[in-house]
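What follows is the content of query-v1.txt, which has compact mmCIF, C-alpha atoms and all ligand atoms:
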# COMPACT_ATOMS: atom_id res chain seq x y z
CA MET L 1 0.00 0.00 0.00
CA PRO L 2 1.43 3.40 -0.93
CA LYS L 3 2.31 5.73 1.92
CA TYR L 4 0.39 8.68 0.47
CA PRO L 5 -2.60 9.13 -1.87
CA LYS L 6 -1.46 8.51 -5.44
CA PRO L 7 -1.29 12.18 -6.66
CA ILE L 8 0.88 13.09 -3.67
CA GLN L 9 3.14 10.07 -4.02
CA GLU L 10 3.55 10.68 -7.76
CA LEU L 11 4.55 14.30 -7.23
CA VAL L 12 7.00 13.23 -4.49
CA ASP L 13 8.49 10.79 -7.02
CA SER L 14 8.69 13.56 -9.66
CA PHE L 15 10.58 15.87 -7.30
CA ARG L 16 12.95 13.03 -6.45
CA THR L 17 14.11 12.91 -10.07
CA LEU L 18 15.62 16.40 -9.60
CA PRO L 19 19.34 16.69 -8.74
CA GLY L 20 20.07 16.76 -5.01
CA VAL L 21 16.47 16.08 -3.94
CA GLY L 22 15.96 13.10 -1.66
CA ALA L 23 12.75 11.59 -0.30
CA LYS L 24 12.52 13.94 2.70
CA SER L 25 13.00 17.11 0.66
CA ALA L 26 10.56 15.88 -1.98
CA GLU L 27 7.90 15.33 0.70
CA ARG L 28 8.56 18.79 2.16
CA PHE L 29 8.11 20.39 -1.28
CA VAL L 30 4.81 18.62 -1.91
CA PHE L 31 3.30 19.45 1.49
CA ARG L 32 4.47 23.05 1.20
CA LEU L 33 2.69 23.24 -2.17
CA LEU L 34 -0.45 21.75 -0.59
CA GLN L 35 -0.40 24.45 2.08
CA LEU L 36 -0.20 27.28 -0.47
CA PRO L 37 -3.38 29.14 -1.49
CA ALA L 38 -4.87 27.45 -4.57
CA ASP L 39 -4.04 30.37 -6.88
CA LYS L 40 -0.35 30.30 -5.90
CA ARG L 41 -0.22 26.54 -6.49
CA SER L 42 -1.85 26.99 -9.92
CA ALA L 43 0.66 29.70 -10.83
CA PHE L 44 3.48 27.29 -9.88
CA ALA L 45 1.96 24.57 -12.08
CA LYS L 46 1.50 27.07 -14.92
CA ARG L 47 5.19 28.01 -14.84
CA ILE L 48 6.14 24.36 -15.16
CA MET L 49 3.73 23.94 -18.09
CA GLU L 50 5.29 26.97 -19.77
CA LEU L 51 8.62 25.14 -19.89
CA THR L 52 6.87 22.87 -22.40
CA ASP L 53 4.51 25.34 -24.07
CA VAL L 54 6.66 28.47 -24.37
CA ILE L 55 10.34 27.52 -24.06
CA LYS L 56 12.12 26.13 -27.10
CA GLN L 57 15.54 24.55 -27.47
CA CYS L 58 17.67 26.41 -30.02
CA THR L 59 18.27 24.24 -33.09
CA GLU L 60 21.74 25.78 -33.50
CA CYS L 61 23.29 25.84 -30.03
CA GLY L 62 20.86 23.96 -27.78
CA ARG L 63 20.15 26.91 -25.43
CA PHE L 64 16.68 27.35 -23.99
CA ASP L 65 14.86 30.48 -25.10
CA VAL L 66 11.42 31.65 -26.21
CA GLN L 67 12.60 31.51 -29.82
CA THR L 68 14.78 29.37 -32.06
CA PRO L 69 17.35 30.30 -33.26
CA CYS L 70 17.85 31.74 -29.77
CA SER L 71 18.49 35.43 -29.04
CA ILE L 72 22.28 34.83 -29.18
CA CYS L 73 22.42 32.71 -32.38
CA GLY L 74 19.93 35.05 -34.04
CA ASN L 75 21.95 38.16 -33.14
CA GLY L 76 23.90 39.41 -36.16
CA LYS L 77 26.16 41.49 -33.89
CA ARG L 78 27.62 38.37 -32.20
CA ASP L 79 30.80 36.83 -33.59
CA HIS L 80 29.58 33.61 -35.21
CA THR L 81 33.15 32.48 -35.99
CA THR L 82 33.92 31.84 -32.30
CA ILE L 83 31.98 29.08 -30.55
CA CYS L 84 32.19 28.57 -26.80
CA VAL L 85 31.32 25.00 -25.80
CA VAL L 86 29.68 24.59 -22.39
CA ALA L 87 28.23 21.63 -20.51
CA GLU L 88 25.11 23.14 -18.95
CA PRO L 89 22.73 26.05 -19.71
CA GLN L 90 23.72 27.84 -16.48
CA ASP L 91 27.32 28.07 -17.75
CA VAL L 92 26.16 30.30 -20.61
CA GLU L 93 24.62 32.74 -18.14
CA ALA L 94 27.82 32.76 -16.03
CA ILE L 95 29.94 33.60 -19.10
CA GLU L 96 27.46 36.19 -20.39
CA LYS L 97 27.66 37.97 -17.02
CA THR L 98 31.40 38.56 -17.48
CA GLY L 99 30.70 40.60 -20.64
CA GLU L 100 33.98 39.17 -21.94
CA PHE L 101 32.62 36.96 -24.72
CA SER L 102 30.89 38.14 -27.88
CA GLY L 103 30.79 34.85 -29.80
CA VAL L 104 28.12 32.16 -29.83
CA TYR L 105 27.66 29.03 -27.72
CA HIS L 106 27.22 25.31 -28.09
CA LEU L 107 25.58 23.35 -25.30
CA LEU L 108 26.79 19.80 -24.77
CA GLY L 109 24.08 18.83 -22.30
CA GLY L 110 26.55 17.38 -19.78
CA THR L 111 30.06 15.94 -19.64
CA LEU L 112 31.51 12.50 -20.30
CA ASN L 113 30.95 10.26 -17.31
CA PRO L 114 31.43 6.54 -18.01
CA LEU L 115 30.35 5.59 -14.48
CA GLU L 116 26.95 7.16 -15.07
CA GLY L 117 26.73 5.79 -18.61
CA ILE L 118 27.24 9.20 -20.26
CA GLY L 119 29.24 8.50 -23.40
CA PRO L 120 29.93 10.82 -26.37
CA ASP L 121 26.66 9.73 -28.01
CA LYS L 122 24.68 11.26 -25.11
CA LEU L 123 26.23 14.70 -25.67
CA ALA L 124 25.73 17.14 -28.56
CA ILE L 125 29.21 16.42 -29.98
CA GLU L 126 28.20 15.17 -33.44
CA LYS L 127 25.91 18.19 -33.67
CA LEU L 128 28.86 20.47 -32.95
CA VAL L 129 31.00 18.80 -35.63
CA ALA L 130 28.15 19.10 -38.15
CA ARG L 131 27.59 22.73 -37.19
CA ILE L 132 31.25 23.63 -37.73
CA LYS L 133 31.33 21.78 -41.07
CA LYS L 134 28.31 23.51 -42.51
CA GLN L 135 28.69 26.98 -41.01
CA SER L 136 29.62 29.96 -43.11
CA PRO L 137 31.48 32.21 -42.37
CA ARG L 138 33.90 29.52 -41.30
CA VAL L 139 34.36 28.89 -37.57
CA GLN L 140 37.80 30.17 -36.48
CA GLU L 141 37.95 29.14 -32.85
CA VAL L 142 36.23 26.72 -30.48
CA ILE L 143 36.66 27.51 -26.78
CA ILE L 144 35.99 24.47 -24.60
CA ALA L 145 34.64 25.91 -21.36
CA THR L 146 33.82 22.70 -19.51
CA ASN L 147 34.50 22.64 -15.76
CA PRO L 148 38.13 22.16 -14.63
CA ASP L 149 37.30 18.81 -12.99
CA LEU L 150 37.85 15.19 -14.05
CA GLU L 151 34.76 14.92 -16.29
CA GLY L 152 35.25 18.41 -17.72
CA GLU L 153 38.91 17.78 -18.58
CA SER L 154 38.27 14.40 -20.21
CA THR L 155 35.40 15.90 -22.20
CA ALA L 156 37.73 18.71 -23.37
CA LEU L 157 40.33 16.14 -24.46
CA TYR L 158 37.75 14.08 -26.32
CA LEU L 159 36.42 17.18 -28.07
CA THR L 160 39.88 18.35 -29.05
CA ARG L 161 40.47 15.02 -30.79
CA ALA L 162 37.05 15.07 -32.44
CA LEU L 163 37.63 18.59 -33.77
CA LYS L 164 41.19 18.01 -35.00
CA PRO L 165 40.23 16.95 -38.56
CA LEU L 166 38.20 20.17 -38.94
CA LYS L 167 41.36 22.31 -38.71
CA VAL L 168 39.82 24.77 -36.31
CA LYS L 169 41.69 26.44 -33.45
CA VAL L 170 40.69 24.79 -30.16
CA THR L 171 41.31 26.64 -26.88
CA ARG L 172 40.50 26.21 -23.22
CA PRO L 173 40.06 28.98 -20.60
CA ALA L 174 43.38 29.54 -18.81
CA LYS L 175 44.24 28.00 -15.48
CA GLY L 176 43.20 30.25 -12.64
CA LEU L 177 39.92 28.46 -12.42
CA PRO L 178 40.81 26.13 -9.53
CA MET L 179 40.84 22.40 -10.33
CA GLY L 180 37.56 20.81 -9.29
CA SER L 181 35.69 24.13 -9.45
CA SER L 182 32.77 24.90 -11.73
CA ILE L 183 32.13 27.53 -14.40
CA GLU L 184 28.67 28.16 -12.97
CA TYR L 185 29.97 29.25 -9.56
CA ALA L 186 33.25 30.92 -10.62
CA ASP L 187 33.41 34.58 -9.68
CA GLU L 188 33.07 36.96 -12.62
CA LEU L 189 36.60 38.35 -12.38
CA THR L 190 38.29 34.92 -12.36
CA LEU L 191 36.10 33.65 -15.20
CA SER L 192 36.63 36.82 -17.17
CA SER L 193 40.45 36.63 -17.00
CA ALA L 194 40.44 32.85 -17.65
CA LEU L 195 38.50 33.53 -20.85
CA LYS L 196 40.82 36.36 -21.90
CA GLU L 197 43.96 34.28 -21.38
CA ARG L 198 42.85 31.06 -23.00
CA LYS L 199 45.37 28.44 -24.06
CA GLU L 200 45.46 26.51 -27.29
CA MET L 201 44.85 22.77 -26.87
ZN ZN F 301 21.25 29.35 -30.08

Go ahead and express the file in the form of structure tokens.
Amino acid sequence: MPKYPKPIQELVDSFRTLPGVGAKSAERFVFRLLQLPADKRSAFAKRIMELTDVIKQCTECGRFDVQTPCSICGNGKRDHTTICVVAEPQDVEAIEKTGEFSGVYHLLGGTLNPLEGIGPDKLAIEKLVARIKKQSPRVQEVIIATNPDLEGESTALYLTRALKPLKVKVTRPAKGLPMGSSIEYADELTLSSALKERKEM
């Protein structure tokens, strides 16, 4: 017999699929939602529905926006010959905040992690190769801005090899980002200077 009525248990299970949310937190979220006034709860549900109904994934770079191509790919003032490769959508926002980068992005959707079954086929690597091959004006530089941790470094190495035949300059943000740290949480100044002083792979 389930512990809670089915709709409650199912929502608890849904919350548990989110990163860092265990059973206790999931239960707290659901009961907090149940204690909200009905209109607030509906507004919460509506915002989740809008992720499906309003948000689109950019066909070029994989970012989430209300339009595709997204506001960055569709912006003629951005430098389309420089592509910055990132693992997660939040990394784009972190880099945009530095004001240091005027190129376009490519979202991988994660990093290589054999233990969790994330191989190259699970990431948008083939899509990146295809994008570079077909794009005109020709792509001049690919900056691999994955996190300076084990998965991020091995992903950068894999990408460098995959991009080699395309004869494009491949760089990585300079050291200064501490090993094991993440792009998302790096302070703007550190991230900004790491981007400025990038090293060729
Ligand atoms: Zn885009």

Exercise for review: Residues within 7 Å of ligand ZN 301 (chain F) should be enumerated using only C-alpha atoms and all ligand atoms and returned as a list in words.
Suggested key: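 Counting only C-alpha atoms and all ligand atoms, the residues within 7 Å of ligand ZN 301 (chain F) come out as Cys58, Thr59, Glu60, Cys61, Gly62, Arg63, Thr68, Pro69, Cys70, Ser71, Ile72, Cys73 and Tyr105 of chain L.
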
May I have the selected residues written with C-alpha atoms, as a PDB file, in the frame of the given file?
ATOM      1  CA  CYS L  58      17.670  26.410 -30.020  1.00  0.00           C
ATOM      2  CA  THR L  59      18.270  24.240 -33.090  1.00  0.00           C
ATOM      3  CA  GLU L  60      21.740  25.780 -33.500  1.00  0.00           C
ATOM      4  CA  CYS L  61      23.290  25.840 -30.030  1.00  0.00           C
ATOM      5  CA  GLY L  62      20.860  23.960 -27.780  1.00  0.00           C
ATOM      6  CA  ARG L  63      20.150  26.910 -25.430  1.00  0.00           C
ATOM      7  CA  THR L  68      14.780  29.370 -32.060  1.00  0.00           C
ATOM      8  CA  PRO L  69      17.350  30.300 -33.260  1.00  0.00           C
ATOM      9  CA  CYS L  70      17.850  31.740 -29.770  1.00  0.00           C
ATOM     10  CA  SER L  71      18.490  35.430 -29.040  1.00  0.00           C
ATOM     11  CA  ILE L  72      22.280  34.830 -29.180  1.00  0.00           C
ATOM     12  CA  CYS L  73      22.420  32.710 -32.380  1.00  0.00           C
ATOM     13  CA  TYR L 105      27.660  29.030 -27.720  1.00  0.00           C
TER      14      TYR L 105
END

Point to revise | Residue among L:Thr160, L:Thr98, L:Gly22, L:Ala130 lying closest to Asp187 of chain L, counting all atoms listed in the file | key: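 Among the listed residues, L:Thr98 lies closest to Asp187 of chain L.
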
**Study point:** Among listed residues L:Leu166, L:Ala87, L:Val92, L:Ile125, nearest Glu151 of chain L (using only C-alpha atoms)
**Key:**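 Of the candidates, the smallest distance to Glu151 of chain L is held by L:Ala87.
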
Point to revise | Length of the atom CA of Glu27 of chain L to atom CA of Glu88 of chain L vector [Å] | key: 27.3 Å

Practice item. Taking (32.6, 39.2, -24.9) in the file's own coordinates, collect the residues within 10 Å, counting only C-alpha atoms, and hand them back as number ranges by chain. Key: L: 78-79, 95-104, 192, 195-196

Review point. Using only C-alpha atoms, which of L:Lys164, L:Lys199, L:Arg41, L:Lys6 sits nearest Val129 of chain L?
Key: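 That would be L:Lys164, the residue with the smallest distance to Val129 of chain L.
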
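Taking all atoms listed in the file into account, Gln140 of chain L lies nearest to L:Thr82 out of the set L:Gln57, L:Gln67, L:Thr82, L:Ser182.
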
Practice item. Go through L:Thr81, L:Gln90, L:Ser154, L:Ser42 one by one, measure the shortest atom-to-atom distance of each to Phe64 of chain L using only C-alpha atoms, and give the residue with the smallest value. Key: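 Checking each of L:Thr81, L:Gln90, L:Ser154, L:Ser42 against Phe64 of chain L, counting only C-alpha atoms, the winner is L:Gln90.
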
Taking 5 positions as the minimum chain separation for residues in the same chain, which residues sit within 9 Å of Glu197 of chain L when counting all atoms listed in the file? Answer as a PDB file with C-alpha atoms, in the coordinates of the input.
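Result file is around27.pdb:
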ATOM      1  CA  ARG L 172      40.500  26.210 -23.220  1.00  0.00           C
ATOM      2  CA  PRO L 173      40.060  28.980 -20.600  1.00  0.00           C
ATOM      3  CA  ALA L 174      43.380  29.540 -18.810  1.00  0.00           C
ATOM      4  CA  LYS L 175      44.240  28.000 -15.480  1.00  0.00           C
ATOM      5  CA  SER L 192      36.630  36.820 -17.170  1.00  0.00           C
TER       6      SER L 192
END

Check your understanding: Of the candidates L:Phe31, L:Tyr4, L:Phe44, L:Tyr185, which shows the shortest atom-to-atom distance to Asp91 of chain L, using only C-alpha atoms?
Key ->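 Using only C-alpha atoms, Asp91 of chain L sits closest to L:Tyr185.
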
**Study point:** Distance query Lys169 of chain L at most 10 Å, all atoms listed in the file, self and fewer than 6 positions along chain excluded, as a ChimeraX atom specification
**Key:** /L:82,139-143,160,163,200-201

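Coordinates place atom CA of Cys84 of chain L at a distance of 15.1 Å from atom CA of Glu153 of chain L.
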
Exercise for review: Give me, please, the distance in Å between atom CA of Val170 of chain L and atom CA of Gly152 of chain L, quoted to one decimal.
Suggested key: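 Going from atom CA of Val170 of chain L over to atom CA of Gly152 of chain L covers 15.0 Å.
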